[in-house]
Amino acid sequence: MTTAKPSGPIPPEFAQQLPVEAWIERAGGTPLFVYDLAIVAARIARLRAALPAGVDLHYAIKANPLPDLLAAAAPLVDGFDIASVGELGRALGVMAPDRISFAGPGKRDEELDAAIRAGVTLNLESEGEAARALAIADRLAIRPRLAVRVNPDFELRGSGMRMGGRASPFGIDAARVPALVKQLIAAGADWRGFHIFAGSQSLDTAAIAETQAQTLGLAARLAEAIGAGPPLVNLGGGFGIPYFAGDTPVDVEAIGQALGEQLDRRDAALAGSRFAIELGRWLVGEAGVYLTRVIDRKESGGETFLIVDGGLNHHLAASGNFGTVVRRNYPVAVASRRDAPVDEVATIVGPLCTPLDRLADKVALPTAQVGDVIAIFASGAYGPTASPSAFLGHAPARELLIGS
Ligand SMILES: *Cc1c(COP(=O)(O)O)cnc(C)c1O
């Protein structure tokens, strides 16, 4: 048997035998993403219990914008963060406009127009965008809700995706923020505060707490320079989830505790502010599983390949081509043989004609045959909507929400 490479930790909620054939039948076939709302709701409840009073919880819907999931999650969180006019349409159906905020560089005039008409908060990403938003609001004769996204002068340590501390297309360099906010206030806009997002996918509890402290410090300095307190300080998020062997979860209770202490001694300039944490992946990532059926098995060069009916066209992240430098294995199982002994090493590939289409590389599994179902766990965030579904023209993956 070839030497196996490790795979990531299976979330405890999926440790047991799963009714995968029943889910597949309900959805009409494979490949299929299944998301368990009960897991999402439990996550939200756990985080709310951990967060201090005065801290709202927002869901960054780009992590998983499935309409059924948005409808079910909306009453459980305080707001949605969106990043396009398409997401605006999905969010408006289920969330009050004054609880929606719209970030993202390169908002088009039509997007600014739609957001201002709807009454959502725009997180402004540049001075140019601010000028266009003010002009559009003026033409519409609507007082716009405008917050400023700050490019912080620090970054979240241990972050998979760094979004601060250097030249960046995201946000406005901290030093230039006070002048812009004063201009917004002078123009009569409803200034909503700051959006400060320093990174994503960090598993380093201490680093997250330290970044929150730095974020509060920066918000206080900016508020003093402006001479007005921000109604809301969106502290970003960045809580990661374990994907790979050796990854350990963040300690949200410790983060909540640290944040409570930081808020208790915050600067007077932030005395009247509310705060928000915005999370995507941490809320939904571990609640999802990707199910794909074995179409063929073959031997080549002494190795076993399982060829399955779904691949990077549905699940780019599991193939290692979305935000990772070195390809490592997601948590994986033969879902139809959970109790069988582990007796072979196999590589699981999708049906696309590219060597990139590899869902698991040399993993130790029970022997799987044609017709067996492979489960890739930790697949609830950045799945179908973060994958090149048009590549090679296969049908899109099915998606099923359970636990509601
Ligand atoms: C992508 C994004 C998020 C969500 O990040 P996760 O890693 O999924 O929690 C939150 N805020 C902003 C501004 C983002 O761009």
# chains A, B, ... in the order shown; residues from 1 in each chain; ligands from 1
$ closest_atom_pairs --of "chain A" --to "ligand 1" --cutoff "7 Å" --atoms "only C-alpha atoms and all ligand atoms" --output "tab-separated table"
residue	atom	partner	partner_atom_place_in_ligand_line	distance
A:Ala60	CA	ligand 1	4 (C)	5.1
A:Lys62	CA	ligand 1	1 (C)	6.6
A:Ala63	CA	ligand 1	8 (O)	5.2
A:Ala103	CA	ligand 1	13 (C)	6.1
A:Gly104	CA	ligand 1	15 (O)	6.9
A:Phe197	CA	ligand 1	13 (C)	5.8
A:Ser200	CA	ligand 1	7 (O)	4.3
A:Gln201	CA	ligand 1	7 (O)	5.0
A:Gly236	CA	ligand 1	11 (N)	5.9
A:Gly237	CA	ligand 1	9 (O)	5.9
A:Gly238	CA	ligand 1	9 (O)	5.0
A:Phe239	CA	ligand 1	9 (O)	6.0
A:Gly240	CA	ligand 1	7 (O)	6.4
A:Glu278	CA	ligand 1	10 (C)	5.5
A:Leu279	CA	ligand 1	9 (O)	3.9
A:Gly280	CA	ligand 1	8 (O)	3.4
A:Arg281	CA	ligand 1	8 (O)	3.7
A:Trp282	CA	ligand 1	9 (O)	5.9
$ write_last_selection --atoms "C-alpha atoms" --output "CSV table (one decimal), in the first residue's frame"
chain,number,residue,atom,x,y,z
A,60,ALA,CA,-21.1,37.7,5.2
A,62,LYS,CA,-20.8,35.4,0.0
A,63,ALA,CA,-19.7,32.3,2.0
A,103,ALA,CA,-18.8,46.2,0.8
A,104,GLY,CA,-16.5,45.4,-2.1
A,197,PHE,CA,-11.6,43.9,8.1
A,200,SER,CA,-9.8,35.9,6.9
A,201,GLN,CA,-9.4,32.2,7.8
A,236,GLY,CA,-14.4,42.3,10.8
A,237,GLY,CA,-14.1,38.6,11.7
A,238,GLY,CA,-11.6,36.3,10.2
A,239,PHE,CA,-12.4,33.2,12.4
A,240,GLY,CA,-11.1,30.2,10.4
A,278,GLU,CA,-18.9,39.7,10.5
A,279,LEU,CA,-18.4,36.1,9.7
A,280,GLY,CA,-19.0,33.8,6.7
A,281,ARG,CA,-17.0,30.6,6.9
A,282,TRP,CA,-17.1,30.1,10.6
$ select_by_dssp --residues "segment 326-376 of chain A" --states "strand (DSSP E or B)" --output "VMD selection string"
chain A and resid 329 332 to 334 344 to 349 358 to 365 373 to 376
$ residues_around --residues "segment 227-229 of chain A" --least-positions-apart "2" --cutoff "9 Å" --atoms "only C-alpha atoms" --output "VMD selection string"
chain A and resid 178 182 193 220 222 to 225 231 to 232 268 to 273
$ closest_atom_pairs --of "segment 8-109 of chain A" --to "segment 145-154 of chain A" --cutoff "12 Å" --atoms "only C-alpha atoms" --output "JSON lines"
{"residue": "A:Pro97", "atom": "CA", "partner": "A:Arg145", "partner_atom": "CA", "distance": 10.5}
{"residue": "A:Asp98", "atom": "CA", "partner": "A:Arg145", "partner_atom": "CA", "distance": 8.6}
{"residue": "A:Arg99", "atom": "CA", "partner": "A:Arg145", "partner_atom": "CA", "distance": 11.1}
{"residue": "A:Ile100", "atom": "CA", "partner": "A:Arg145", "partner_atom": "CA", "distance": 10.5}
{"residue": "A:Ser101", "atom": "CA", "partner": "A:Ala147", "partner_atom": "CA", "distance": 8.7}
{"residue": "A:Phe102", "atom": "CA", "partner": "A:Ala147", "partner_atom": "CA", "distance": 9.4}
{"residue": "A:Ala103", "atom": "CA", "partner": "A:Arg149", "partner_atom": "CA", "distance": 7.7}
{"residue": "A:Gly104", "atom": "CA", "partner": "A:Arg149", "partner_atom": "CA", "distance": 9.2}
{"residue": "A:Pro105", "atom": "CA", "partner": "A:Arg149", "partner_atom": "CA", "distance": 10.0}
$ select_by_dssp --residues "segment 233-378 of chain A" --states "alpha helix (DSSP H)" --output "ChimeraX atom specification"
/A:252-264,281-284
$ closest_residue --among "A:Ala15, A:Ile376, A:Ile307, A:Leu235" --to "Phe275 of chain A" --atoms "only C-alpha atoms"
A:Leu235
$ closest_residue --among "A:Thr248, A:Thr215, A:Ser126, A:Asn329" --to "Phe377 of chain A" --atoms "only C-alpha atoms"
A:Asn329
$ atom_distance --atom1 "atom CA of Glu125 of chain A" --atom2 "atom CA of Gly256 of chain A"
28.1 Å
$ residues_around --residues "His58 of chain A" --least-positions-apart "4" --cutoff "8 Å" --atoms "only C-alpha atoms" --output "ChimeraX atom specification"
/A:77-81,276-279
$ write_last_selection --atoms "C-alpha atoms" --output "mmCIF file, in the first residue's frame"
data_model
loop_
_atom_site.group_PDB
_atom_site.id
_atom_site.type_symbol
_atom_site.label_atom_id
_atom_site.label_comp_id
_atom_site.auth_asym_id
_atom_site.auth_seq_id
_atom_site.Cartn_x
_atom_site.Cartn_y
_atom_site.Cartn_z
ATOM 1 C CA VAL A 77 -28.300 37.157 13.069
ATOM 2 C CA ASP A 78 -28.329 40.972 13.312
ATOM 3 C CA GLY A 79 -27.372 41.736 9.745
ATOM 4 C CA PHE A 80 -26.093 40.556 6.391
ATOM 5 C CA ASP A 81 -22.933 41.775 4.685
ATOM 6 C CA ALA A 276 -20.319 44.092 14.973
ATOM 7 C CA ILE A 277 -18.453 40.942 14.040
ATOM 8 C CA GLU A 278 -18.943 39.729 10.470
ATOM 9 C CA LEU A 279 -18.390 36.080 9.713
#
$ closest_residue --among "A:Ala189, A:Ala206, A:Ala83, A:Val34" --to "Asp138 of chain A" --atoms "only C-alpha atoms"
A:Ala189
$ closest_residue --among "A:Leu51, A:Val345, A:Leu37, A:Leu312" --to "Asp68 of chain A" --atoms "only C-alpha atoms"
A:Leu37
$ atom_distance --atom1 "atom CA of Val334 of chain A" --atom2 "atom CA of Pro396 of chain A"
22.0 Å
$ residues_around --residues "segment 108-118 of chain A" --least-positions-apart "4" --cutoff "7 Å" --atoms "only C-alpha atoms" --output "PyMOL selection string"
chain A and resi 85+97+133+136-137+144
$ write_last_selection --atoms "N, CA, C and O atoms" --output "PDB file, in the first residue's frame"
ATOM      1  N   VAL A  85     -24.638  43.570  -6.300  1.00  0.00           N
ATOM      2  CA  VAL A  85     -26.068  43.862  -6.442  1.00  0.00           C
ATOM      3  C   VAL A  85     -26.854  42.542  -6.523  1.00  0.00           C
ATOM      4  O   VAL A  85     -28.021  42.477  -6.119  1.00  0.00           O
ATOM      5  N   PRO A  97     -33.539  46.352   5.158  1.00  0.00           N
ATOM      6  CA  PRO A  97     -32.441  47.072   4.496  1.00  0.00           C
ATOM      7  C   PRO A  97     -31.474  47.742   5.477  1.00  0.00           C
ATOM      8  O   PRO A  97     -30.270  47.768   5.222  1.00  0.00           O
ATOM      9  N   ALA A 133     -21.185  57.993  -4.882  1.00  0.00           N
ATOM     10  CA  ALA A 133     -22.345  57.692  -4.031  1.00  0.00           C
ATOM     11  C   ALA A 133     -23.066  58.986  -3.628  1.00  0.00           C
ATOM     12  O   ALA A 133     -24.299  59.047  -3.661  1.00  0.00           O
ATOM     13  N   ILE A 136     -25.005  60.358  -6.633  1.00  0.00           N
ATOM     14  CA  ILE A 136     -26.202  59.552  -6.930  1.00  0.00           C
ATOM     15  C   ILE A 136     -27.283  59.827  -5.886  1.00  0.00           C
ATOM     16  O   ILE A 136     -28.464  59.996  -6.221  1.00  0.00           O
ATOM     17  N   ALA A 137     -26.892  59.903  -4.616  1.00  0.00           N
ATOM     18  CA  ALA A 137     -27.863  60.170  -3.547  1.00  0.00           C
ATOM     19  C   ALA A 137     -28.509  61.536  -3.744  1.00  0.00           C
ATOM     20  O   ALA A 137     -29.718  61.716  -3.543  1.00  0.00           O
ATOM     21  N   PRO A 144     -28.091  59.198   2.038  1.00  0.00           N
ATOM     22  CA  PRO A 144     -27.508  57.848   1.983  1.00  0.00           C
ATOM     23  C   PRO A 144     -26.904  57.427   3.315  1.00  0.00           C
ATOM     24  O   PRO A 144     -26.415  58.252   4.082  1.00  0.00           O
TER      25      PRO A 144
END
$ closest_residue --among "A:Arg132, A:His315, A:Lys362, A:His394" --to "Ser379 of chain A" --atoms "only C-alpha atoms"
A:His315
$ atom_distance --atom1 "atom CA of Ala53 of chain A" --atom2 "atom CA of Val250 of chain A"
20.5 Å
$ residues_around --residues "Arg26 of chain A" --least-positions-apart "6" --cutoff "12 Å" --atoms "only C-alpha atoms" --output "number ranges by chain"
A: 19-20, 32, 34, 398-402
$ closest_residue --among "A:Gln369, A:Leu218, A:Arg143, A:Ala174" --to "Asp190 of chain A" --atoms "only C-alpha atoms"
A:Arg143
$ residues_around --residues "Thr367 of chain A" --least-positions-apart "2" --cutoff "8 Å" --atoms "only C-alpha atoms" --output "PyMOL selection string"
chain A and resi 342-344+365+369
